Structures are given as C-alpha cells and as structure tokens.
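Novice: Below is the file my_file.pdb, which contains PDB, C-alpha atoms and all ligand atoms.
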```
ATOM      1  CA  MET A 233      77.235  74.391  77.277  1.00  0.00           C
ATOM      2  CA  LYS A 234      80.886  73.561  76.797  1.00  0.00           C
ATOM      3  CA  TYR A 235      81.898  70.104  78.079  1.00  0.00           C
ATOM      4  CA  PRO A 236      85.400  69.600  79.609  1.00  0.00           C
ATOM      5  CA  LYS A 237      87.905  67.823  77.405  1.00  0.00           C
ATOM      6  CA  LEU A 238      88.903  64.279  78.371  1.00  0.00           C
ATOM      7  CA  ARG A 239      92.446  65.376  79.358  1.00  0.00           C
ATOM      8  CA  GLU A 240      91.136  68.052  81.733  1.00  0.00           C
ATOM      9  CA  LEU A 241      88.683  65.580  83.228  1.00  0.00           C
ATOM     10  CA  LYS A 242      91.544  63.131  83.835  1.00  0.00           C
ATOM     11  CA  GLU A 243      93.602  65.858  85.585  1.00  0.00           C
ATOM     12  CA  ALA A 244      90.625  66.847  87.760  1.00  0.00           C
ATOM     13  CA  ILE A 245      90.022  63.254  88.881  1.00  0.00           C
ATOM     14  CA  LYS A 246      93.785  62.821  89.568  1.00  0.00           C
ATOM     15  CA  ALA A 247      93.852  65.988  91.680  1.00  0.00           C
ATOM     16  CA  LEU A 248      90.809  64.805  93.619  1.00  0.00           C
ATOM     17  CA  ILE A 249      92.556  61.542  94.530  1.00  0.00           C
ATOM     18  CA  LYS A 250      96.201  62.720  94.921  1.00  0.00           C
ATOM     19  CA  GLY A 251      95.552  66.248  96.209  1.00  0.00           C
ATOM     20  CA  PRO A 252      96.656  69.547  94.570  1.00  0.00           C
ATOM     21  CA  TYR A 253     100.095  70.058  92.945  1.00  0.00           C
ATOM     22  CA  THR A 254     100.696  73.346  94.798  1.00  0.00           C
ATOM     23  CA  THR A 255     102.139  73.394  98.329  1.00  0.00           C
ATOM     24  CA  LYS A 256     100.999  75.267 101.404  1.00  0.00           C
ATOM     25  CA  TYR A 257     104.408  77.002 101.880  1.00  0.00           C
ATOM     26  CA  PRO A 258     105.016  79.345 103.778  1.00  0.00           C
ATOM     27  CA  PHE A 259     102.196  78.198 106.070  1.00  0.00           C
ATOM     28  CA  GLU A 260     103.690  74.698 106.102  1.00  0.00           C
ATOM     29  CA  PRO A 261     107.383  73.751 105.700  1.00  0.00           C
ATOM     30  CA  TYR A 262     108.400  72.590 102.241  1.00  0.00           C
ATOM     31  CA  THR A 263     111.109  70.033 101.433  1.00  0.00           C
ATOM     32  CA  PRO A 264     112.484  70.591  97.919  1.00  0.00           C
ATOM     33  CA  PRO A 265     113.514  67.685  95.664  1.00  0.00           C
ATOM     34  CA  GLU A 266     116.955  66.090  96.123  1.00  0.00           C
ATOM     35  CA  VAL A 267     118.501  67.822  93.082  1.00  0.00           C
ATOM     36  CA  PHE A 268     117.428  71.282  94.327  1.00  0.00           C
ATOM     37  CA  ARG A 269     120.305  73.805  94.669  1.00  0.00           C
ATOM     38  CA  GLY A 270     119.864  75.666  97.944  1.00  0.00           C
ATOM     39  CA  LYS A 271     122.529  77.568  99.838  1.00  0.00           C
ATOM     40  CA  PRO A 272     126.088  76.185  99.520  1.00  0.00           C
ATOM     41  CA  GLN A 273     127.148  74.580 102.804  1.00  0.00           C
ATOM     42  CA  PRO A 274     130.930  74.447 103.379  1.00  0.00           C
ATOM     43  CA  SER A 275     132.464  71.986 105.846  1.00  0.00           C
ATOM     44  CA  GLN A 276     135.467  72.724 108.073  1.00  0.00           C
ATOM     45  CA  GLU A 277     136.233  68.995 108.142  1.00  0.00           C
ATOM     46  CA  GLY A 278     135.860  68.238 104.439  1.00  0.00           C
ATOM     47  CA  CYS A 279     137.422  71.411 103.016  1.00  0.00           C
ATOM     48  CA  ILE A 280     141.179  71.383 102.386  1.00  0.00           C
ATOM     49  CA  GLY A 281     141.414  75.124 101.652  1.00  0.00           C
ATOM     50  CA  CYS A 282     142.660  74.727  98.074  1.00  0.00           C
ATOM     51  CA  GLY A 283     140.634  77.741  96.867  1.00  0.00           C
ATOM     52  CA  ALA A 284     139.321  76.102  93.654  1.00  0.00           C
ATOM     53  CA  CYS A 285     135.741  77.072  94.550  1.00  0.00           C
ATOM     54  CA  ALA A 286     136.659  80.763  94.872  1.00  0.00           C
ATOM     55  CA  GLU A 287     138.346  80.571  91.442  1.00  0.00           C
ATOM     56  CA  VAL A 288     135.260  79.181  89.665  1.00  0.00           C
ATOM     57  CA  CYS A 289     132.539  81.174  91.460  1.00  0.00           C
ATOM     58  CA  PRO A 290     130.991  83.354  88.698  1.00  0.00           C
ATOM     59  CA  ALA A 291     129.488  85.802  91.204  1.00  0.00           C
ATOM     60  CA  GLU A 292     132.689  86.152  93.264  1.00  0.00           C
ATOM     61  CA  ALA A 293     130.605  85.267  96.296  1.00  0.00           C
ATOM     62  CA  ILE A 294     133.382  83.283  97.988  1.00  0.00           C
ATOM     63  CA  GLU A 295     135.857  85.424  99.893  1.00  0.00           C
ATOM     64  CA  LEU A 296     139.360  83.989 100.230  1.00  0.00           C
ATOM     65  CA  LYS A 297     141.784  85.761 102.591  1.00  0.00           C
ATOM     66  CA  ASP A 298     145.376  84.710 103.262  1.00  0.00           C
ATOM     67  CA  ILE A 299     146.352  86.197 106.620  1.00  0.00           C
ATOM     68  CA  LYS A 300     150.033  86.246 107.551  1.00  0.00           C
ATOM     69  CA  SER A 301     151.360  87.074 111.029  1.00  0.00           C
ATOM     70  CA  VAL A 302     154.856  86.800 112.563  1.00  0.00           C
ATOM     71  CA  ASN A 303     154.610  83.151 113.605  1.00  0.00           C
ATOM     72  CA  SER A 304     151.780  81.764 111.520  1.00  0.00           C
ATOM     73  CA  ALA A 305     149.684  82.116 108.404  1.00  0.00           C
ATOM     74  CA  GLU A 306     146.172  80.960 107.673  1.00  0.00           C
ATOM     75  CA  ARG A 307     143.653  80.947 104.850  1.00  0.00           C
ATOM     76  CA  VAL A 308     140.070  81.987 105.613  1.00  0.00           C
ATOM     77  CA  LEU A 309     137.150  81.170 103.289  1.00  0.00           C
ATOM     78  CA  VAL A 310     133.679  82.691 103.645  1.00  0.00           C
ATOM     79  CA  TRP A 311     130.585  82.235 101.429  1.00  0.00           C
ATOM     80  CA  HIS A 312     128.499  85.408 101.005  1.00  0.00           C
ATOM     81  CA  TYR A 313     124.939  84.272 100.378  1.00  0.00           C
ATOM     82  CA  ASP A 314     123.713  87.766  99.499  1.00  0.00           C
ATOM     83  CA  GLU A 315     125.946  87.625  96.398  1.00  0.00           C
ATOM     84  CA  CYS A 316     125.519  83.918  95.618  1.00  0.00           C
ATOM     85  CA  ILE A 317     123.437  82.988  92.552  1.00  0.00           C
ATOM     86  CA  PHE A 318     123.096  79.333  93.669  1.00  0.00           C
ATOM     87  CA  CYS A 319     124.632  78.027  90.449  1.00  0.00           C
ATOM     88  CA  GLY A 320     126.333  75.105  92.212  1.00  0.00           C
ATOM     89  CA  GLN A 321     129.722  75.573  90.520  1.00  0.00           C
ATOM     90  CA  CYS A 322     131.596  75.628  93.849  1.00  0.00           C
ATOM     91  CA  ALA A 323     130.186  72.218  94.831  1.00  0.00           C
ATOM     92  CA  ARG A 324     130.577  70.777  91.315  1.00  0.00           C
ATOM     93  CA  ASN A 325     134.254  71.816  91.105  1.00  0.00           C
ATOM     94  CA  CYS A 326     135.198  71.249  94.744  1.00  0.00           C
ATOM     95  CA  THR A 327     138.478  69.311  94.887  1.00  0.00           C
ATOM     96  CA  THR A 328     137.118  66.997  97.583  1.00  0.00           C
ATOM     97  CA  ARG A 329     133.658  66.531  96.017  1.00  0.00           C
ATOM     98  CA  ASN A 330     134.126  62.752  95.780  1.00  0.00           C
ATOM     99  CA  GLU A 331     135.431  62.334  99.333  1.00  0.00           C
ATOM    100  CA  LYS A 332     133.288  61.005 102.192  1.00  0.00           C
ATOM    101  CA  ILE A 333     132.836  64.564 103.463  1.00  0.00           C
ATOM    102  CA  PRO A 334     133.004  67.064 100.546  1.00  0.00           C
ATOM    103  CA  GLY A 335     134.399  70.558 101.090  1.00  0.00           C
ATOM    104  CA  VAL A 336     131.100  72.160 100.085  1.00  0.00           C
ATOM    105  CA  ILE A 337     127.671  70.826  99.138  1.00  0.00           C
ATOM    106  CA  MET A 338     124.500  72.473  97.849  1.00  0.00           C
ATOM    107  CA  SER A 339     122.069  72.183 100.730  1.00  0.00           C
ATOM    108  CA  GLN A 340     118.276  72.217 100.395  1.00  0.00           C
ATOM    109  CA  GLU A 341     117.977  75.412 102.425  1.00  0.00           C
ATOM    110  CA  PHE A 342     116.297  78.134 100.371  1.00  0.00           C
ATOM    111  CA  ASP A 343     114.474  80.342 102.861  1.00  0.00           C
ATOM    112  CA  LEU A 344     117.194  82.966 103.425  1.00  0.00           C
ATOM    113  CA  SER A 345     115.165  86.181 103.618  1.00  0.00           C
ATOM    114  CA  THR A 346     116.480  88.705 106.109  1.00  0.00           C
ATOM    115  CA  VAL A 347     116.575  92.456 106.657  1.00  0.00           C
ATOM    116  CA  ASP A 348     120.301  92.359 107.543  1.00  0.00           C
ATOM    117  CA  ARG A 349     122.599  91.304 104.678  1.00  0.00           C
ATOM    118  CA  LYS A 350     125.561  90.994 107.063  1.00  0.00           C
ATOM    119  CA  THR A 351     124.013  87.844 108.516  1.00  0.00           C
ATOM    120  CA  LEU A 352     124.038  86.135 105.105  1.00  0.00           C
ATOM    121  CA  VAL A 353     127.474  84.556 105.508  1.00  0.00           C
ATOM    122  CA  SER A 354     128.687  81.006 106.046  1.00  0.00           C
ATOM    123  CA  GLN A 355     130.864  79.859 108.947  1.00  0.00           C
ATOM    124  CA  GLU A 356     134.542  80.800 108.450  1.00  0.00           C
ATOM    125  CA  ILE A 357     136.670  77.933 107.134  1.00  0.00           C
ATOM    126  CA  LYS A 358     140.234  78.314 108.467  1.00  0.00           C
ATOM    127  CA  LYS A 359     143.260  76.399 107.215  1.00  0.00           C
ATOM    128  CA  GLU A 360     146.987  76.554 108.046  1.00  0.00           C
ATOM    129  CA  LEU A 361     149.148  77.841 105.197  1.00  0.00           C
ATOM    130  CA  VAL A 362     152.508  76.482 104.072  1.00  0.00           C
ATOM    131  CA  MET A 363     155.011  79.090 102.927  1.00  0.00           C
ATOM    132  CA  CYS A 364     158.349  79.102 101.132  1.00  0.00           C
ATOM    133  CA  SER A 365     161.182  78.690 103.679  1.00  0.00           C
ATOM    134  CA  ASN A 366     163.179  81.363 101.906  1.00  0.00           C
ATOM    135  CA  CYS A 367     160.841  84.126 100.735  1.00  0.00           C
ATOM    136  CA  ASP A 368     157.548  83.397 102.609  1.00  0.00           C
ATOM    137  CA  THR A 369     155.536  83.092  99.370  1.00  0.00           C
ATOM    138  CA  ILE A 370     152.392  81.037  99.988  1.00  0.00           C
ATOM    139  CA  ILE A 371     152.625  77.523  98.507  1.00  0.00           C
ATOM    140  CA  SER A 372     149.189  76.195  99.583  1.00  0.00           C
ATOM    141  CA  THR A 373     147.403  75.009 102.694  1.00  0.00           C
ATOM    142  CA  LYS A 374     148.904  72.120 104.644  1.00  0.00           C
ATOM    143  CA  GLU A 375     145.706  70.058 104.286  1.00  0.00           C
ATOM    144  CA  HIS A 376     145.734  70.573 100.514  1.00  0.00           C
ATOM    145  CA  LEU A 377     149.308  69.260 100.276  1.00  0.00           C
ATOM    146  CA  LEU A 378     148.474  66.296 102.546  1.00  0.00           C
ATOM    147  CA  TRP A 379     145.464  65.521 100.315  1.00  0.00           C
ATOM    148  CA  VAL A 380     147.734  65.546  97.236  1.00  0.00           C
ATOM    149  CA  ILE A 381     150.174  63.236  99.091  1.00  0.00           C
ATOM    150  CA  LYS A 382     147.332  60.789  99.828  1.00  0.00           C
ATOM    151  CA  LYS A 383     146.260  60.791  96.170  1.00  0.00           C
ATOM    152  CA  LEU A 384     149.750  60.400  94.688  1.00  0.00           C
ATOM    153  CA  GLY A 385     150.952  57.470  96.826  1.00  0.00           C
ATOM    154  CA  ALA A 386     154.526  56.465  95.942  1.00  0.00           C
ATOM    155  CA  LYS A 387     154.696  59.123  93.193  1.00  0.00           C
ATOM    156  CA  VAL A 388     155.037  61.704  95.992  1.00  0.00           C
ATOM    157  CA  TYR A 389     158.796  61.052  96.033  1.00  0.00           C
ATOM    158  CA  GLY A 390     159.081  62.849  92.700  1.00  0.00           C
ATOM    159  CA  ASN A 391     158.302  66.172  94.374  1.00  0.00           C
ATOM    160  CA  ILE A 392     160.714  67.617  96.939  1.00  0.00           C
ATOM    161  CA  ASN A 393     158.112  69.880  98.594  1.00  0.00           C
ATOM    162  CA  LEU A 394     155.775  66.942  99.229  1.00  0.00           C
ATOM    163  CA  VAL A 395     158.666  64.894 100.665  1.00  0.00           C
ATOM    164  CA  SER A 396     159.418  67.822 103.008  1.00  0.00           C
ATOM    165  CA  ILE A 397     155.766  67.881 104.116  1.00  0.00           C
ATOM    166  CA  ILE A 398     155.906  64.130 104.832  1.00  0.00           C
ATOM    167  CA  SER A 399     159.115  64.643 106.866  1.00  0.00           C
ATOM    168  CA  GLU A 400     157.470  67.402 108.879  1.00  0.00           C
ATOM    169  CA  GLU A 401     154.119  65.734 109.359  1.00  0.00           C
ATOM    170  CA  PHE A 402     155.071  62.131 109.947  1.00  0.00           C
ATOM    171  CA  LEU A 403     158.739  62.209 111.008  1.00  0.00           C
ATOM    172  CA  SER A 404     158.471  65.393 113.161  1.00  0.00           C
ATOM    173  CA  PHE A 405     161.251  67.028 111.206  1.00  0.00           C
ATOM    174  CA  SER A 406     160.911  70.769 110.918  1.00  0.00           C
ATOM    175  CA  GLY A 407     162.094  72.123 107.604  1.00  0.00           C
ATOM    176  CA  LYS A 408     161.272  75.720 108.549  1.00  0.00           C
ATOM    177  CA  LEU A 409     164.723  77.269 108.654  1.00  0.00           C
ATOM    178  CA  LYS A 410     165.820  80.629 107.403  1.00  0.00           C
ATOM    179  CA  PHE A 411     168.822  80.388 105.141  1.00  0.00           C
ATOM    180  CA  LYS A 412     171.992  82.163 106.195  1.00  0.00           C
ATOM    181  CA  GLN A 413     173.037  81.944 102.601  1.00  0.00           C
ATOM    182  CA  PHE A 414     170.672  81.192  99.754  1.00  0.00           C
ATOM    183  CA  ASN A 415     171.401  79.553  96.383  1.00  0.00           C
ATOM    184  CA  GLN A 416     173.112  76.624  98.047  1.00  0.00           C
ATOM    185  CA  ARG A 417     172.474  73.163  96.648  1.00  0.00           C
ATOM    186  CA  GLU A 418     172.104  71.716 100.154  1.00  0.00           C
ATOM    187  CA  ASN A 419     169.005  73.884 100.663  1.00  0.00           C
ATOM    188  CA  MET A 420     167.132  72.255  97.801  1.00  0.00           C
ATOM    189  CA  PHE A 421     165.360  69.787 100.099  1.00  0.00           C
ATOM    190  CA  GLU A 422     163.521  72.563 101.945  1.00  0.00           C
ATOM    191  CA  LEU A 423     159.957  73.755 101.312  1.00  0.00           C
ATOM    192  CA  LEU A 424     160.375  76.248  98.485  1.00  0.00           C
ATOM    193  CA  CYS A 425     158.180  78.192  96.092  1.00  0.00           C
ATOM    194  CA  PRO A 426     158.811  77.511  92.360  1.00  0.00           C
ATOM    195  CA  LYS A 427     160.843  80.727  91.976  1.00  0.00           C
ATOM    196  CA  CYS A 428     163.261  79.983  94.840  1.00  0.00           C
ATOM    197  CA  ARG A 429     163.625  76.336  93.746  1.00  0.00           C
ATOM    198  CA  ARG A 430     164.470  77.486  90.229  1.00  0.00           C
ATOM    199  CA  ASN A 431     167.075  79.869  91.648  1.00  0.00           C
ATOM    200  CA  ILE A 432     168.610  77.064  93.695  1.00  0.00           C
ATOM    201  CA  LEU A 433     168.705  74.646  90.784  1.00  0.00           C
ATOM    202  CA  LEU A 434     169.885  77.058  88.098  1.00  0.00           C
ATOM    203  CA  PHE A 435     172.153  79.513  89.872  1.00  0.00           C
ATOM    204  CA  ASP A 436     175.323  79.066  91.901  1.00  0.00           C
ATOM    205  CA  GLU A 437     175.921  80.811  95.225  1.00  0.00           C
ATOM    206  CA  TYR A 438     177.018  83.965  93.401  1.00  0.00           C
ATOM    207  CA  GLY A 439     173.770  84.180  91.431  1.00  0.00           C
ATOM    208  CA  LYS A 440     175.283  83.004  88.121  1.00  0.00           C
ATOM    209  CA  ILE A 441     174.126  80.109  85.996  1.00  0.00           C
TER     210      ILE A 441
HETATM  211  S1  LIG B 501     126.659  78.484  94.232  1.00  0.00           S
HETATM  212 FE1  LIG B 501     127.654  79.573  92.508  1.00  0.00          FE
HETATM  213  S2  LIG B 501     127.504  81.738  93.030  1.00  0.00           S
HETATM  214 FE2  LIG B 501     127.068  80.590  94.908  1.00  0.00          FE
HETATM  215  S3  LIG B 501     129.052  80.465  95.956  1.00  0.00           S
HETATM  216 FE3  LIG B 501     128.831  78.593  94.724  1.00  0.00          FE
HETATM  217  S4  LIG B 501     129.845  79.084  92.756  1.00  0.00           S
HETATM  218 FE4  LIG B 501     129.460  81.027  93.816  1.00  0.00          FE
HETATM  219  S1  LIG B 502     138.172  71.801  99.233  1.00  0.00           S
HETATM  220 FE1  LIG B 502     136.369  72.469  98.054  1.00  0.00          FE
HETATM  221  S2  LIG B 502     135.351  73.942  99.402  1.00  0.00           S
HETATM  222 FE2  LIG B 502     137.403  73.710 100.195  1.00  0.00          FE
HETATM  223  S3  LIG B 502     138.590  75.355  99.213  1.00  0.00           S
HETATM  224 FE3  LIG B 502     138.848  73.504  97.925  1.00  0.00          FE
HETATM  225  S4  LIG B 502     137.246  73.670  96.371  1.00  0.00           S
HETATM  226 FE4  LIG B 502     136.688  75.120  98.056  1.00  0.00          FE
END
```
As structure tokens, please, write out the structure in this file.

Specialist:
Amino acid sequence: MKYPKLRELKEAIKALIKGPYTTKYPFEPYTPPEVFRGKPQPSQEGCIGCGACAEVCPAEAIELKDIKSVNSAERVLVWHYDECIFCGQCARNCTTRNEKIPGVIMSQEFDLSTVDRKTLVSQEIKKELVMCSNCDTIISTKEHLLWVIKKLGAKVYGNINLVSIISEEFLSFSGKLKFKQFNQRENMFELLCPKCRRNILLFDEYGKI
C-alpha cells in the first residue's frame, strides 16, 4: 500500500477545515478578486471625450464617431464587448484615470454570454465638440479642453484657444463668429485649428508671408 506524502496530507487536512478551492459557479454567484479585469465600464460623468482610449485599444473595440450637424457637433464613444479582449489598456491609459470618477474602469463583470452580439455594447458616451471658427476642423471636446484648463492653472494664458474657451465658458463671451475676411491679425484671438492659426500668424491678408 502506498501512503500519502506529508504535503498531500497537509493539503487534505487544510481542505477539510477551509473547504474546497473550487467555487460552485454558475450555481452560485462568484465575486472575482479586486484585480480581476472584467468588462470595461465607461462613465458619462468621468469621461471627457478625449479619445485616448480608442487610440490605445489593441482590438479596436472602442468606436469613436464625430457627428457634425448644422448647429452642433458631438463625439460619441461606444465600447463593443464582443470585440474586447479585456486587456485593460483603455482604463490604464484613460486621461482621467486619477480623477475621483475615472472615464473608464475595468469592472468585475465577466458573465457576458449572450446569443445576440448586438447587445454587447456599452452606454453611449456623448460629448460636445469644439471646432475651428474658420474652417470647422474639430479641435477636441469642450470637456477635454476644460480639463486641460483645470490642470494648467495660470499657464493657460499661454494658449489662445484655451483663453477663448475660458471667455466663452466663464465670461459668456461667444467666440463663434464666421470671418468675413480671413488672415486678419485681429482674428487671432478666436478658436482656431493649428492650420488656420498658422495662416493668421504667418500670412498677411493677401495670403503672402
Ligand atoms: S479592455 Fe482592451 S480591448 Fe477592451 S476596450 Fe479596453 S483597450 Fe480595448
Ligand atoms: S476620458 Fe478616458 S474614457 Fe473618456 S475618452 Fe478619454 S481616455 Fe477614453
């Protein structure tokens, strides 16, 4: 007869006292450990719509749409869980990851089985877009620019676009005007994309340097 080794005996006694290591899932709910990476959970409140998560997602599971209409423009972000590989890169690289409410976190939810893939999507995150006053090129979302303003403090006054956002947001001054004539120095304090600002700073009203 073969006798059990001491180590096996120790494990058997431990299991008798503590119970088995295996769980009764799916017959009983299971709570994974804290570090477990379940489905990414975006937050409308915490997200600023910067789009960094969509840039770093290796599976391209985050859809980012910039929708422009006559009077407004918005950015829509959606997580597609049927394409997600639960790597956690979106949460790790989220711009607001250290804020009180992060833009996206890895939840502990793992039981996502379904027969309809279309249901495997997150809530839509919608953010207002800021566009160039001259050519309508998208600069970023308003919340992203306000977040940058909060982080920079007094250094904000080194950037004309951010000063324009402050004027609009806190002094109720609307900088959204269409230029009758572009390339005028007086227009340099408007919200402009890098290309239009370069044109204003480098060229005269006749388009010459
Ligand atoms: S967990 Fe990974 S694959 Fe899933 S959405 Fe985030 S970055 Fe993309
Ligand atoms: S704040 Fe975070 S979740 Fe929102 S768009 Fe930026 S990186 Fe993505």

Novice: Restricting the calculation to only C-alpha atoms, which member of A:Ser365, A:Ser275, A:Ser345, A:Thr373 is positioned closest to Glu422 in chain A?

Specialist: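 Going through A:Ser365, A:Ser275, A:Ser345, A:Thr373 one by one, the smallest distance to Glu422 in chain A is for A:Ser365.
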
Novice: Can you work out which one of A:Ala291, A:Cys282, A:Gln340, A:Asn431 has the shortest atom-to-atom distance to Lys374 in chain A, counting all atoms listed in the file?

Specialist: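 With all atoms listed in the file as the atom set, the closest residue is A:Cys282.
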
Novice: Report the distance between CA of Gly320 in chain A and CA of Gly270 in chain A in Å, rounded to one decimal place.

Specialist: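 Result for CA of Gly320 in chain A versus CA of Gly270 in chain A: 8.7 Å, one decimal.
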
Novice: Show me which residues sit within 10 Å of ligand LIG 501 (chain B) when counting only C-alpha atoms and all ligand atoms, and put them as a short mmCIF file (atom, residue, chain, number, x, y, z; two decimals) with C-alpha atoms, keeping the file's coordinate frame.

Specialist:
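The resulting pocket.cif:
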```
data_model
loop_
_atom_site.label_atom_id
_atom_site.label_comp_id
_atom_site.auth_asym_id
_atom_site.auth_seq_id
_atom_site.Cartn_x
_atom_site.Cartn_y
_atom_site.Cartn_z
CA ARG A 269 120.30 73.81 94.67
CA GLY A 270 119.86 75.67 97.94
CA LYS A 271 122.53 77.57 99.84
CA PRO A 272 126.09 76.18 99.52
CA GLN A 273 127.15 74.58 102.80
CA PRO A 274 130.93 74.45 103.38
CA ALA A 284 139.32 76.10 93.65
CA CYS A 285 135.74 77.07 94.55
CA ALA A 286 136.66 80.76 94.87
CA GLU A 287 138.35 80.57 91.44
CA VAL A 288 135.26 79.18 89.66
CA CYS A 289 132.54 81.17 91.46
CA PRO A 290 130.99 83.35 88.70
CA ALA A 291 129.49 85.80 91.20
CA GLU A 292 132.69 86.15 93.26
CA ALA A 293 130.60 85.27 96.30
CA ILE A 294 133.38 83.28 97.99
CA GLU A 295 135.86 85.42 99.89
CA VAL A 310 133.68 82.69 103.64
CA TRP A 311 130.58 82.24 101.43
CA HIS A 312 128.50 85.41 101.00
CA TYR A 313 124.94 84.27 100.38
CA ASP A 314 123.71 87.77 99.50
CA GLU A 315 125.95 87.62 96.40
CA CYS A 316 125.52 83.92 95.62
CA ILE A 317 123.44 82.99 92.55
CA PHE A 318 123.10 79.33 93.67
CA CYS A 319 124.63 78.03 90.45
CA GLY A 320 126.33 75.10 92.21
CA GLN A 321 129.72 75.57 90.52
CA CYS A 322 131.60 75.63 93.85
CA ALA A 323 130.19 72.22 94.83
CA ARG A 324 130.58 70.78 91.32
CA ASN A 325 134.25 71.82 91.10
CA CYS A 326 135.20 71.25 94.74
CA VAL A 336 131.10 72.16 100.08
CA ILE A 337 127.67 70.83 99.14
CA MET A 338 124.50 72.47 97.85
#
```

Novice: Please, what distance in Å, to one decimal, runs between CA of Met363 in chain A and CA of Val380 in chain A?

Specialist: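 Between CA of Met363 in chain A and CA of Val380 in chain A the gap is 16.4 Å.
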
Novice: Could you work out how far CA of Glu375 in chain A lies from CA of Gly335 in chain A, giving the answer in Å with one decimal?

Specialist: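 The value is 11.8 Å.
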
Novice: Between A:Leu344, A:Ile280, A:Val353, A:Ile432, which has the minimum distance to ligand LIG 502 (chain B) (counting only C-alpha atoms and all ligand atoms)?

Specialist: A:Ile280

Novice: Taking only C-alpha atoms into account, name the residue in A:Arg349, A:Lys387, A:Lys359, A:Arg430 that is nearest to Gly283 in chain A.

Specialist: A:Lys359

Novice: With 3 Å of padding per side, what axis-aligned box (centre and edge lengths, Å, one decimal) covers all the listed atoms of ligand LIG 502 (chain B)? Give it as JSON.

Specialist:
```
{"center_x": 137.1, "center_y": 73.6, "center_z": 98.3, "size_x": 9.5, "size_y": 9.6, "size_z": 9.8}
```

Novice: Please determine, counting all atoms listed in the file, which residue among A:Ile299, A:Leu352, A:Val362, A:Leu377 has the shortest atom-to-atom distance to ligand LIG 502 (chain B).

Specialist: A:Leu377

Novice: A:Val395, A:Val267, A:Cys425, A:Leu309: which is nearest ligand LIG 502 (chain B), counting only C-alpha atoms and all ligand atoms?

Specialist: A:Leu309

Novice: For this file, the PyMOL selection byres (((chain A and resi 429) around 10) and not hetatm) selects which residues, as a VMD selection string?

Specialist: chain A and resid 364 366 392 to 393 415 417 419 to 428 430 to 435

Novice: Using the selection just defined, write its residues with C-alpha atoms as a PDB file, in the coordinates of the input.

Specialist:
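Wrote it out as part-v4.pdb, contents follow:
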```
ATOM      1  CA  CYS A 364     158.349  79.102 101.132  1.00  0.00           C
ATOM      2  CA  ASN A 366     163.179  81.363 101.906  1.00  0.00           C
ATOM      3  CA  ILE A 392     160.714  67.617  96.939  1.00  0.00           C
ATOM      4  CA  ASN A 393     158.112  69.880  98.594  1.00  0.00           C
ATOM      5  CA  ASN A 415     171.401  79.553  96.383  1.00  0.00           C
ATOM      6  CA  ARG A 417     172.474  73.163  96.648  1.00  0.00           C
ATOM      7  CA  ASN A 419     169.005  73.884 100.663  1.00  0.00           C
ATOM      8  CA  MET A 420     167.132  72.255  97.801  1.00  0.00           C
ATOM      9  CA  PHE A 421     165.360  69.787 100.099  1.00  0.00           C
ATOM     10  CA  GLU A 422     163.521  72.563 101.945  1.00  0.00           C
ATOM     11  CA  LEU A 423     159.957  73.755 101.312  1.00  0.00           C
ATOM     12  CA  LEU A 424     160.375  76.248  98.485  1.00  0.00           C
ATOM     13  CA  CYS A 425     158.180  78.192  96.092  1.00  0.00           C
ATOM     14  CA  PRO A 426     158.811  77.511  92.360  1.00  0.00           C
ATOM     15  CA  LYS A 427     160.843  80.727  91.976  1.00  0.00           C
ATOM     16  CA  CYS A 428     163.261  79.983  94.840  1.00  0.00           C
ATOM     17  CA  ARG A 430     164.470  77.486  90.229  1.00  0.00           C
ATOM     18  CA  ASN A 431     167.075  79.869  91.648  1.00  0.00           C
ATOM     19  CA  ILE A 432     168.610  77.064  93.695  1.00  0.00           C
ATOM     20  CA  LEU A 433     168.705  74.646  90.784  1.00  0.00           C
ATOM     21  CA  LEU A 434     169.885  77.058  88.098  1.00  0.00           C
ATOM     22  CA  PHE A 435     172.153  79.513  89.872  1.00  0.00           C
TER      23      PHE A 435
END
```

Novice: If you count only C-alpha atoms, which residues fall within 12 Å of Pro258 in chain A, apart from same-chain ones fewer than 5 positions away, as a CSV table (one decimal) with C-alpha atoms, keeping the file's coordinate frame?

Specialist:
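That gives us selection.csv:
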```csv
chain,number,residue,atom,x,y,z
A,263,THR,CA,111.1,70.0,101.4
A,342,PHE,CA,116.3,78.1,100.4
A,343,ASP,CA,114.5,80.3,102.9
```

Novice: Name the residues, using the chain letters and numbers of the file, that sit within 12 Å of (146.3, 89.0, 99.1) when counting all atoms listed in the file, and give them as an MDAnalysis selection string.

Specialist: chainID A and resid 295:300 306:308 369:370

Novice: List the spatial neighbours of Val388 in chain A as a PyMOL selection string - criterion: any atom at most 12 Å away, only C-alpha atoms, same-chain residues fewer than 3 positions off excluded.

Specialist: chain A and resi 377-385+391-399
